[in-house]
Amino acid sequence: MKQLLSGNEAIALGAQLAGVRYASAYPGTPSTEILENLAKYEGVRAEWAPNEKVALDAAAGACYAGARALASMKHVGLNVASEALFYLAYTGVNGGLVIVSADDPGAWSSQNEQDNRHYARFAKVPCIEPADSQECVDFMATAYDVSEQFDTPVIVRTTTRISHSKSVVNAPEGNGHAPRPLKGFTPDPTKYAMIPAHSRRRHPQVEARTQKIAEWANTASINRIEWGDKKLGIIASSVAYQYAREVFEGYSFLKLGMSYPLPEKLIREFASQVEQLVIVEELDPFYEHEIKALGISCVGKEYFPMTNEFSLAVVRDGARKLGVPQPEPVATPAGIVAPPARPPALCPGCPHRSTFYVLRKLKVRVAGDIGCYSIGVLPPFSAMDTIGCMGASLGVAQGVDAVGANTDKQPWVAVIGDSTFFHAGMPGLANIIYNRGASTVLILDNDITAMTGQQQNPGTGVTLQGAPGQKIDIEAVVRGMGVRDVFVMNAFEEPEVEATIKKALAIKDRPSVVIAKGPCVFLPDYPEKFIDEVDEAKCNGCSLCFRVGCPAIFKGALDAKTQKPKAVIDSLLCVGCDVCLQVCPRDAIFRVGN
Amino acid sequence: MNKTDFLLAGVGGQGVLTASDIVAEVGMALGLDAKKSEVHGFSQRGGVVESHVRWGPRVGAPLGEKGRIDYLLAFELMESTRWVEYLKPGGTLIVNRQRILPMSATIGDAVYPSDETIEKSLRAVTDKIVYADGLEIAKGLGNKNLANTVLLGALAHELDVDPEIWLDVIVKRVPRKYLEENKRAFWKGLGK
């Protein structure tokens, strides 16, 4: 059956066809849809985990028990899961285990552009890289076979352009294939329990395994030579191969499906027959360094950049410098006036709006975290000073506080979302409490993992499949951990938000936690009742409501007296959250029926 | 049909991605290879959304090139000027007249460009400009969410493809409940 699938849909299909029984993940762009699609298949137990390390540990357990298992994550998720990756490299598997790492060249929705092929070499596990959706399906079968044949976890690495591009796939339908039977667990602590004596014994086996896989890779069908003009030999994988195929049309290619370990013999054979060897790879010179280390001469990063994602234009640029004629770039015609930028904004009706309005107003410094609320860093809020990684806000706040920089004059707070709190925020809070810190922590609980597209989490009490799970109450967790001063506020009541944050900030000798409760505007239980409107006669253009940063409020005609623009509310965009109405000092905003 | 590159651009929430799925599937229905690519994530928060679709006998790169796109379908008025340099000189441009103010204009750091400024920018690249009133037509049909289907109709009008092929793809994609109104929206966009 032919269908148009995204890379992520295709990976889910490939996993299902390979007989996966268990899959676990934490949502993260561009990897999220893998689990969402796997969850649709019968016979697969697919779960959201609180974080990527837990997901990989759980996948490890399933594979030890003899199931084919999968853990998927975005590239930085593998940092979180890396400790699990490294022990798994030593223990190996029982049922096949695949770790999908979706990298993000271009950092479209990430804090960096790390190249996770390095993890394969670092942890000494194979890495397989599909170049389109068809290969996403096909290579999953290969990945599980390699995993079981060589007793190793396998990384399948995609990039945003592989995960989020759709292309034609010819494959059977996903349902109707039973997962493989459980192999059964044979106790063997020397393999599965990594005390020093055992890990020292496993290490030589790991090294030997890499050699065996490298040997296998020489003849594996996922690495293939496509002979053409031998003047240039191009080595490429993933989406870089797709660009290179168009740009270096007619030349010889070694298309790599496995980026680690590399097929040395195959590369030597290819290199020996071409005049010049050119490595076209996105991000780091991973192949280039490996191939140069083999003593094979090649070019790469002097022609193709190490930063940002590739495009046809970028690869053409390099090709031109290599003397391969390319169509000239089309010059941008004169006379195009660039429109204003359109930075992301908190949605109309977002429950985070009131909190950032108040944080800005109170001029506190904010240690931020990863989520929709990262938008708090942008105008008009400009109310986030640091953003690093999942859960970083609490650690940063504790460090600031510990050196005496969290003062009356310049208070700091940590801001973190509900899902991020479960992901990596709880250890940070434990650190503050245990070490007698005095930070104020704001947990913005919108009852969903919003930024990645509304995924469930432990705080929602609903599973990936939408079935009832066990809800974990954040307030109870925080109190149970030992915070005495816990305030719960309604995020849609700006005066309450302001009063509550002030109350928490006034506590100087012990930690305080403020939980802002209000559902994400995309949730079905969002309290949509009204549309707000501006009374033109009352509005004098004071501009306070513009500071709530709502895309539904814009500047209209000038007020005759103040000569400042009056507010206008777009009735198509407004959902009636009332935050603008609450901050308006002249009662010029009122509710009308929906 | 030869190699054809499309770029669909707009603002998060306008249905750009669904529309580009449909364009890609129409290519497949024509027996061509097809790819489409965009970035999800932050863009759904009112940010810029652009989605490339490529048809051809064999499509390699998932993204088209600046100055070489055959059809640009802009879901929002000002966004047409952001992407028009991707259109090949003289290429076909379909522009939805809907305006969605960016936050920079809302808070007064920038001004939404005038119709004249926009028109001038577009004319710098092509004279084949088709304006569509996607949102107004959709509202007239009783559902503002139909705007993207209206725009697909407007695109179909410019392509030499049997409208029934478009409808077949739309029928497969749209929940039954919304099917009839989507068909009406498509025909309206097509000008029938």
# chains A, B, ... in the order shown; residues from 1 in each chain; ligands from 1
>>> interface_residues(of="chain B", to="chain A", cutoff="6 Å", atoms="only C-alpha atoms", output="PyMOL selection string")
chain B and resi 35-37+45-47+60-61+67+85+102-103+106-107+121+124
>>> residues_around(residues="Leu283 of chain A", least_positions_apart="4", cutoff="9 Å", atoms="only C-alpha atoms", output="PyMOL selection string")
chain A and resi 105+113-115+305-310
>>> write_last_selection(atoms="N, CA and C atoms", output="PDB file, in the first residue's frame")
ATOM      1  N   PRO A 105      19.015  20.037  13.368  1.00  0.00           N
ATOM      2  CA  PRO A 105      19.893  21.024  12.724  1.00  0.00           C
ATOM      3  C   PRO A 105      19.065  22.266  12.375  1.00  0.00           C
ATOM      4  N   GLU A 113      22.268  22.656  18.521  1.00  0.00           N
ATOM      5  CA  GLU A 113      22.300  21.874  17.276  1.00  0.00           C
ATOM      6  C   GLU A 113      23.191  20.650  17.435  1.00  0.00           C
ATOM      7  N   GLN A 114      23.196  20.028  18.589  1.00  0.00           N
ATOM      8  CA  GLN A 114      24.142  18.926  18.799  1.00  0.00           C
ATOM      9  C   GLN A 114      23.908  17.795  17.794  1.00  0.00           C
ATOM     10  N   ASP A 115      24.997  17.136  17.423  1.00  0.00           N
ATOM     11  CA  ASP A 115      24.987  16.080  16.416  1.00  0.00           C
ATOM     12  C   ASP A 115      25.126  14.739  17.140  1.00  0.00           C
ATOM     13  N   PRO A 305      29.050  23.993   5.389  1.00  0.00           N
ATOM     14  CA  PRO A 305      29.130  24.563   6.740  1.00  0.00           C
ATOM     15  C   PRO A 305      28.829  23.557   7.860  1.00  0.00           C
ATOM     16  N   MET A 306      29.328  23.896   9.022  1.00  0.00           N
ATOM     17  CA  MET A 306      29.159  23.059  10.205  1.00  0.00           C
ATOM     18  C   MET A 306      27.940  23.501  11.014  1.00  0.00           C
ATOM     19  N   THR A 307      27.409  24.679  10.677  1.00  0.00           N
ATOM     20  CA  THR A 307      26.280  25.222  11.448  1.00  0.00           C
ATOM     21  C   THR A 307      25.045  25.288  10.568  1.00  0.00           C
ATOM     22  N   ASN A 308      23.910  25.242  11.232  1.00  0.00           N
ATOM     23  CA  ASN A 308      22.599  25.389  10.601  1.00  0.00           C
ATOM     24  C   ASN A 308      22.289  24.208   9.679  1.00  0.00           C
ATOM     25  N   GLU A 309      21.011  24.087   9.331  1.00  0.00           N
ATOM     26  CA  GLU A 309      20.666  22.948   8.487  1.00  0.00           C
ATOM     27  C   GLU A 309      21.000  23.250   7.029  1.00  0.00           C
ATOM     28  N   PHE A 310      21.159  22.161   6.267  1.00  0.00           N
ATOM     29  CA  PHE A 310      21.470  22.303   4.845  1.00  0.00           C
ATOM     30  C   PHE A 310      20.221  22.687   4.055  1.00  0.00           C
TER      31      PHE A 310
END
>>> select_by_dssp(residues="chain B", states="strand (DSSP E)", output="PyMOL selection string")
chain B and resi 4-11+33-38+48-56+69-74+87-96+129-132
>>> residues_around(residues="Ala217 of chain A", least_positions_apart="3", cutoff="8 Å", atoms="only C-alpha atoms", output="ChimeraX atom specification")
/A:213-214,220,223,258,261-263
>>> write_last_selection(atoms="all heavy atoms", output="PDB file, in the first residue's frame")
ATOM      1  N   ILE A 213      30.389  -5.436  13.888  1.00  0.00           N
ATOM      2  CA  ILE A 213      29.343  -4.660  13.184  1.00  0.00           C
ATOM      3  C   ILE A 213      29.965  -3.901  12.013  1.00  0.00           C
ATOM      4  O   ILE A 213      29.379  -3.810  10.935  1.00  0.00           O
ATOM      5  CB  ILE A 213      28.611  -3.697  14.148  1.00  0.00           C
ATOM      6  CG1 ILE A 213      27.942  -4.497  15.283  1.00  0.00           C
ATOM      7  CG2 ILE A 213      27.552  -2.882  13.411  1.00  0.00           C
ATOM      8  CD1 ILE A 213      27.394  -3.642  16.422  1.00  0.00           C
ATOM      9  N   ALA A 214      31.176  -3.385  12.231  1.00  0.00           N
ATOM     10  CA  ALA A 214      31.856  -2.665  11.146  1.00  0.00           C
ATOM     11  C   ALA A 214      32.086  -3.604   9.965  1.00  0.00           C
ATOM     12  O   ALA A 214      31.944  -3.204   8.793  1.00  0.00           O
ATOM     13  CB  ALA A 214      33.176  -2.084  11.649  1.00  0.00           C
ATOM     14  N   ALA A 220      26.395  -4.699   4.169  1.00  0.00           N
ATOM     15  CA  ALA A 220      24.978  -4.472   4.489  1.00  0.00           C
ATOM     16  C   ALA A 220      24.320  -3.625   3.404  1.00  0.00           C
ATOM     17  O   ALA A 220      24.928  -2.689   2.884  1.00  0.00           O
ATOM     18  CB  ALA A 220      24.853  -3.759   5.837  1.00  0.00           C
ATOM     19  N   ASN A 223      24.115   0.366   3.371  1.00  0.00           N
ATOM     20  CA  ASN A 223      25.198   1.184   2.804  1.00  0.00           C
ATOM     21  C   ASN A 223      25.331   0.778   1.339  1.00  0.00           C
ATOM     22  O   ASN A 223      25.501  -0.404   1.047  1.00  0.00           O
ATOM     23  CB  ASN A 223      26.525   0.903   3.513  1.00  0.00           C
ATOM     24  CG  ASN A 223      26.504   1.324   4.976  1.00  0.00           C
ATOM     25  OD1 ASN A 223      25.918   2.350   5.336  1.00  0.00           O
ATOM     26  ND2 ASN A 223      27.126   0.526   5.832  1.00  0.00           N
ATOM     27  N   MET A 258      24.322   3.554   7.650  1.00  0.00           N
ATOM     28  CA  MET A 258      24.812   3.364   9.013  1.00  0.00           C
ATOM     29  C   MET A 258      25.971   4.330   9.215  1.00  0.00           C
ATOM     30  O   MET A 258      26.982   4.262   8.522  1.00  0.00           O
ATOM     31  CB  MET A 258      25.264   1.927   9.223  1.00  0.00           C
ATOM     32  CG  MET A 258      25.718   1.651  10.657  1.00  0.00           C
ATOM     33  SD  MET A 258      26.220  -0.055  10.898  1.00  0.00           S
ATOM     34  CE  MET A 258      24.765  -0.719  11.668  1.00  0.00           C
ATOM     35  N   PRO A 261      29.219   1.871  13.344  1.00  0.00           N
ATOM     36  CA  PRO A 261      30.582   2.059  12.848  1.00  0.00           C
ATOM     37  C   PRO A 261      30.582   2.125  11.323  1.00  0.00           C
ATOM     38  O   PRO A 261      29.709   1.566  10.682  1.00  0.00           O
ATOM     39  CB  PRO A 261      31.305   0.805  13.354  1.00  0.00           C
ATOM     40  CG  PRO A 261      30.243  -0.231  13.509  1.00  0.00           C
ATOM     41  CD  PRO A 261      28.987   0.494  13.851  1.00  0.00           C
ATOM     42  N   LEU A 262      31.590   2.787  10.765  1.00  0.00           N
ATOM     43  CA  LEU A 262      31.645   2.967   9.320  1.00  0.00           C
ATOM     44  C   LEU A 262      32.198   1.713   8.639  1.00  0.00           C
ATOM     45  O   LEU A 262      33.025   0.998   9.199  1.00  0.00           O
ATOM     46  CB  LEU A 262      32.518   4.173   8.982  1.00  0.00           C
ATOM     47  CG  LEU A 262      31.877   5.526   9.290  1.00  0.00           C
ATOM     48  CD1 LEU A 262      32.837   6.658   8.947  1.00  0.00           C
ATOM     49  CD2 LEU A 262      30.562   5.697   8.540  1.00  0.00           C
ATOM     50  N   PRO A 263      31.752   1.464   7.409  1.00  0.00           N
ATOM     51  CA  PRO A 263      32.209   0.297   6.648  1.00  0.00           C
ATOM     52  C   PRO A 263      33.567   0.598   5.996  1.00  0.00           C
ATOM     53  O   PRO A 263      33.624   1.097   4.872  1.00  0.00           O
ATOM     54  CB  PRO A 263      31.102   0.125   5.594  1.00  0.00           C
ATOM     55  CG  PRO A 263      30.547   1.506   5.390  1.00  0.00           C
ATOM     56  CD  PRO A 263      30.725   2.239   6.684  1.00  0.00           C
TER      57      PRO A 263
END
>>> residues_around(residues="Asp70 of chain B", least_positions_apart="4", cutoff="8 Å", atoms="only C-alpha atoms", output="PDB file with all heavy atoms, in the first residue's frame")
ATOM      1  N   THR B   4       7.236  20.200 -10.197  1.00  0.00           N
ATOM      2  CA  THR B   4       6.516  21.393  -9.778  1.00  0.00           C
ATOM      3  C   THR B   4       6.776  21.630  -8.295  1.00  0.00           C
ATOM      4  O   THR B   4       6.642  20.714  -7.485  1.00  0.00           O
ATOM      5  CB  THR B   4       4.991  21.224  -9.996  1.00  0.00           C
ATOM      6  OG1 THR B   4       4.782  20.746 -11.330  1.00  0.00           O
ATOM      7  CG2 THR B   4       4.261  22.527  -9.802  1.00  0.00           C
ATOM      8  N   ASP B   5       7.174  22.855  -7.974  1.00  0.00           N
ATOM      9  CA  ASP B   5       7.444  23.182  -6.572  1.00  0.00           C
ATOM     10  C   ASP B   5       6.395  24.165  -6.063  1.00  0.00           C
ATOM     11  O   ASP B   5       6.081  25.155  -6.731  1.00  0.00           O
ATOM     12  CB  ASP B   5       8.827  23.837  -6.429  1.00  0.00           C
ATOM     13  CG  ASP B   5       9.955  22.824  -6.584  1.00  0.00           C
ATOM     14  OD1 ASP B   5       9.652  21.615  -6.662  1.00  0.00           O
ATOM     15  OD2 ASP B   5      11.124  23.245  -6.628  1.00  0.00           O
ATOM     16  N   PHE B   6       5.891  23.873  -4.874  1.00  0.00           N
ATOM     17  CA  PHE B   6       4.905  24.735  -4.227  1.00  0.00           C
ATOM     18  C   PHE B   6       5.472  25.221  -2.900  1.00  0.00           C
ATOM     19  O   PHE B   6       6.238  24.515  -2.238  1.00  0.00           O
ATOM     20  CB  PHE B   6       3.622  23.958  -3.900  1.00  0.00           C
ATOM     21  CG  PHE B   6       2.956  23.316  -5.080  1.00  0.00           C
ATOM     22  CD1 PHE B   6       3.348  22.051  -5.509  1.00  0.00           C
ATOM     23  CD2 PHE B   6       1.924  23.954  -5.742  1.00  0.00           C
ATOM     24  CE1 PHE B   6       2.721  21.447  -6.587  1.00  0.00           C
ATOM     25  CE2 PHE B   6       1.286  23.358  -6.809  1.00  0.00           C
ATOM     26  CZ  PHE B   6       1.685  22.086  -7.244  1.00  0.00           C
ATOM     27  N   LEU B  87       9.479  32.637  -4.954  1.00  0.00           N
ATOM     28  CA  LEU B  87       8.768  32.387  -6.200  1.00  0.00           C
ATOM     29  C   LEU B  87       9.684  32.677  -7.384  1.00  0.00           C
ATOM     30  O   LEU B  87      10.464  33.621  -7.357  1.00  0.00           O
ATOM     31  CB  LEU B  87       7.545  33.302  -6.251  1.00  0.00           C
ATOM     32  CG  LEU B  87       6.500  33.014  -7.323  1.00  0.00           C
ATOM     33  CD1 LEU B  87       5.832  31.662  -7.079  1.00  0.00           C
ATOM     34  CD2 LEU B  87       5.451  34.129  -7.335  1.00  0.00           C
ATOM     35  N   LYS B  88       9.577  31.856  -8.426  1.00  0.00           N
ATOM     36  CA  LYS B  88      10.393  32.158  -9.614  1.00  0.00           C
ATOM     37  C   LYS B  88       9.814  33.404 -10.272  1.00  0.00           C
ATOM     38  O   LYS B  88       8.606  33.650 -10.193  1.00  0.00           O
ATOM     39  CB  LYS B  88      10.407  30.963 -10.562  1.00  0.00           C
ATOM     40  CG  LYS B  88       9.080  30.690 -11.239  1.00  0.00           C
ATOM     41  CD  LYS B  88       9.202  29.485 -12.168  1.00  0.00           C
ATOM     42  CE  LYS B  88       7.862  29.245 -12.871  1.00  0.00           C
ATOM     43  NZ  LYS B  88       7.802  27.944 -13.527  1.00  0.00           N
ATOM     44  N   GLY B  91       6.284  33.570 -11.616  1.00  0.00           N
ATOM     45  CA  GLY B  91       5.539  32.427 -11.072  1.00  0.00           C
ATOM     46  C   GLY B  91       4.158  32.840 -10.578  1.00  0.00           C
ATOM     47  O   GLY B  91       3.834  34.027 -10.497  1.00  0.00           O
ATOM     48  N   THR B  92       3.358  31.848 -10.244  1.00  0.00           N
ATOM     49  CA  THR B  92       1.981  32.124  -9.854  1.00  0.00           C
ATOM     50  C   THR B  92       1.865  32.321  -8.349  1.00  0.00           C
ATOM     51  O   THR B  92       2.330  31.500  -7.567  1.00  0.00           O
ATOM     52  CB  THR B  92       1.065  30.960 -10.289  1.00  0.00           C
ATOM     53  OG1 THR B  92       1.201  30.798 -11.690  1.00  0.00           O
ATOM     54  CG2 THR B  92      -0.392  31.243  -9.938  1.00  0.00           C
TER      55      THR B  92
END
>>> select_by_dssp(residues="chain B", states="alpha helix (DSSP H)", output="PyMOL selection string")
chain B and resi 16-29+79-83+103-106+115-123+134-140+147-158+163-173+179-190
>>> atom_distance(atom1="atom CA of Val583 of chain A", atom2="atom CA of Cys542 of chain A")
10.9 Å
>>> residues_around(residues="Gly189 of chain B", least_positions_apart="3", cutoff="12 Å", atoms="only C-alpha atoms", output="VMD selection string")
chain B and resid 94 to 96 130 to 138 141 146 to 158 163 182 to 186 192
>>> write_last_selection(atoms="N, CA and C atoms", output="compact mmCIF listing (two decimals), in the first residue's frame")
# COMPACT_ATOMS: atom_id res chain seq x y z
N ILE B 94 -0.81 33.15 -5.25
CA ILE B 94 -2.19 33.25 -4.78
C ILE B 94 -2.15 33.81 -3.37
N VAL B 95 -2.85 34.90 -3.16
CA VAL B 95 -2.77 35.60 -1.87
C VAL B 95 -4.14 35.69 -1.22
N ASN B 96 -4.22 35.20 -0.02
CA ASN B 96 -5.44 35.37 0.77
C ASN B 96 -5.41 36.79 1.35
N VAL B 130 -3.03 36.34 -7.91
CA VAL B 130 -4.46 36.06 -7.75
C VAL B 130 -4.83 36.34 -6.30
N TYR B 131 -5.69 37.30 -6.07
CA TYR B 131 -6.15 37.54 -4.70
C TYR B 131 -7.37 36.69 -4.42
N ALA B 132 -7.43 36.15 -3.21
CA ALA B 132 -8.59 35.35 -2.82
C ALA B 132 -9.09 35.86 -1.48
N ASP B 133 -10.39 35.75 -1.28
CA ASP B 133 -10.96 36.16 0.01
C ASP B 133 -11.34 34.92 0.79
N GLY B 134 -10.31 34.12 1.12
CA GLY B 134 -10.55 32.83 1.75
C GLY B 134 -11.41 32.93 2.99
N LEU B 135 -11.05 33.84 3.86
CA LEU B 135 -11.76 33.93 5.15
C LEU B 135 -13.19 34.41 4.94
N GLU B 136 -13.35 35.43 4.09
CA GLU B 136 -14.70 35.98 3.88
C GLU B 136 -15.62 34.93 3.26
N ILE B 137 -15.08 34.21 2.29
CA ILE B 137 -15.88 33.16 1.64
C ILE B 137 -16.23 32.07 2.66
N ALA B 138 -15.23 31.72 3.47
CA ALA B 138 -15.46 30.68 4.48
C ALA B 138 -16.53 31.12 5.47
N LEU B 141 -19.81 30.74 4.14
CA LEU B 141 -20.27 29.34 4.14
C LEU B 141 -20.59 28.88 5.56
N LEU B 146 -12.98 26.93 7.04
CA LEU B 146 -12.95 26.42 5.67
C LEU B 146 -12.04 27.23 4.77
N ALA B 147 -11.43 28.29 5.32
CA ALA B 147 -10.64 29.20 4.48
C ALA B 147 -9.54 28.45 3.72
N ASN B 148 -8.89 27.51 4.38
CA ASN B 148 -7.79 26.83 3.67
C ASN B 148 -8.30 25.99 2.50
N THR B 149 -9.49 25.45 2.63
CA THR B 149 -10.05 24.67 1.51
C THR B 149 -10.41 25.60 0.34
N VAL B 150 -10.91 26.80 0.68
CA VAL B 150 -11.19 27.79 -0.37
C VAL B 150 -9.90 28.10 -1.13
N LEU B 151 -8.82 28.27 -0.37
CA LEU B 151 -7.54 28.61 -1.00
C LEU B 151 -7.02 27.47 -1.87
N LEU B 152 -7.26 26.24 -1.43
CA LEU B 152 -6.87 25.10 -2.27
C LEU B 152 -7.64 25.13 -3.58
N GLY B 153 -8.91 25.53 -3.51
CA GLY B 153 -9.70 25.68 -4.73
C GLY B 153 -9.07 26.72 -5.65
N ALA B 154 -8.63 27.82 -5.05
CA ALA B 154 -8.00 28.88 -5.85
C ALA B 154 -6.70 28.39 -6.49
N LEU B 155 -5.96 27.55 -5.76
CA LEU B 155 -4.74 26.96 -6.33
C LEU B 155 -5.09 26.00 -7.45
N ALA B 156 -6.11 25.18 -7.22
CA ALA B 156 -6.53 24.19 -8.23
C ALA B 156 -6.91 24.90 -9.52
N HIS B 157 -7.49 26.09 -9.39
CA HIS B 157 -7.89 26.87 -10.57
C HIS B 157 -6.68 27.18 -11.47
N GLU B 158 -5.51 27.30 -10.85
CA GLU B 158 -4.31 27.68 -11.60
C GLU B 158 -3.56 26.48 -12.17
N PRO B 163 -10.23 18.74 -11.26
CA PRO B 163 -10.69 19.06 -9.90
C PRO B 163 -11.18 17.83 -9.14
N ASN B 182 -16.76 21.38 3.03
CA ASN B 182 -15.43 21.47 2.42
C ASN B 182 -15.51 21.42 0.90
N LYS B 183 -16.38 20.55 0.40
CA LYS B 183 -16.57 20.48 -1.06
C LYS B 183 -17.06 21.82 -1.58
N ARG B 184 -18.04 22.39 -0.87
CA ARG B 184 -18.56 23.70 -1.30
C ARG B 184 -17.46 24.76 -1.28
N ALA B 185 -16.64 24.71 -0.23
CA ALA B 185 -15.55 25.69 -0.10
C ALA B 185 -14.56 25.54 -1.25
N PHE B 186 -14.26 24.29 -1.60
CA PHE B 186 -13.31 24.04 -2.70
C PHE B 186 -13.86 24.61 -4.02
N LYS B 192 -16.37 28.23 -8.97
CA LYS B 192 -17.57 27.60 -9.56
C LYS B 192 -18.68 27.46 -8.53
>>> residues_around(residues="segment 175-188 of chain A", least_positions_apart="5", cutoff="8 Å", atoms="only C-alpha atoms", output="VMD selection string")
chain A and resid 16 to 21 41 to 44 64 to 68 94 to 95 193
>>> atom_distance(atom1="atom CA of Met28 of chain B", atom2="atom CA of Gly56 of chain B")
9.5 Å
>>> decode(residues="segment 236-278 of chain A", atoms="C-alpha atoms", output="short mmCIF file (atom, residue, chain, number, x, y, z; two decimals), in the first residue's frame")
data_model
loop_
_atom_site.label_atom_id
_atom_site.label_comp_id
_atom_site.auth_asym_id
_atom_site.auth_seq_id
_atom_site.Cartn_x
_atom_site.Cartn_y
_atom_site.Cartn_z
CA ALA A 236 26.48 11.34 2.38
CA SER A 237 23.65 10.15 4.56
CA SER A 238 20.28 11.34 5.85
CA VAL A 239 18.78 14.45 4.27
CA ALA A 240 22.24 15.67 3.18
CA TYR A 241 22.18 12.76 0.71
CA GLN A 242 18.92 14.08 -0.78
CA TYR A 243 20.37 17.53 -1.35
CA ALA A 244 23.65 16.12 -2.67
CA ARG A 245 21.81 13.78 -5.07
CA GLU A 246 20.24 16.80 -6.80
CA VAL A 247 23.32 18.98 -6.67
CA PHE A 248 25.95 16.40 -7.74
CA GLU A 249 23.76 14.73 -10.34
CA GLY A 250 25.59 12.10 -12.33
CA TYR A 251 28.52 11.63 -9.95
CA SER A 252 29.30 8.56 -7.84
CA PHE A 253 27.77 8.20 -4.41
CA LEU A 254 28.41 6.14 -1.34
CA LYS A 255 25.13 6.49 0.46
CA LEU A 256 25.57 5.56 4.11
CA GLY A 257 22.64 4.09 6.00
CA MET A 258 24.81 3.36 9.01
CA SER A 259 26.85 6.24 10.34
CA TYR A 260 28.61 4.25 13.04
CA PRO A 261 30.58 2.06 12.85
CA LEU A 262 31.65 2.97 9.32
CA PRO A 263 32.21 0.30 6.65
CA GLU A 264 35.96 0.68 6.25
CA LYS A 265 36.43 -1.73 3.33
CA LEU A 266 33.55 -0.25 1.41
CA ILE A 267 34.85 3.27 1.93
CA ARG A 268 38.36 2.24 0.83
CA GLU A 269 36.98 0.57 -2.28
CA PHE A 270 34.88 3.62 -3.13
CA ALA A 271 37.70 6.07 -2.41
CA SER A 272 40.17 4.10 -4.52
CA GLN A 273 37.98 4.41 -7.61
CA VAL A 274 37.10 8.09 -7.51
CA GLU A 275 39.37 11.03 -8.25
CA GLN A 276 38.21 13.15 -5.35
CA LEU A 277 36.30 12.09 -2.26
CA VAL A 278 33.77 14.64 -0.99
#
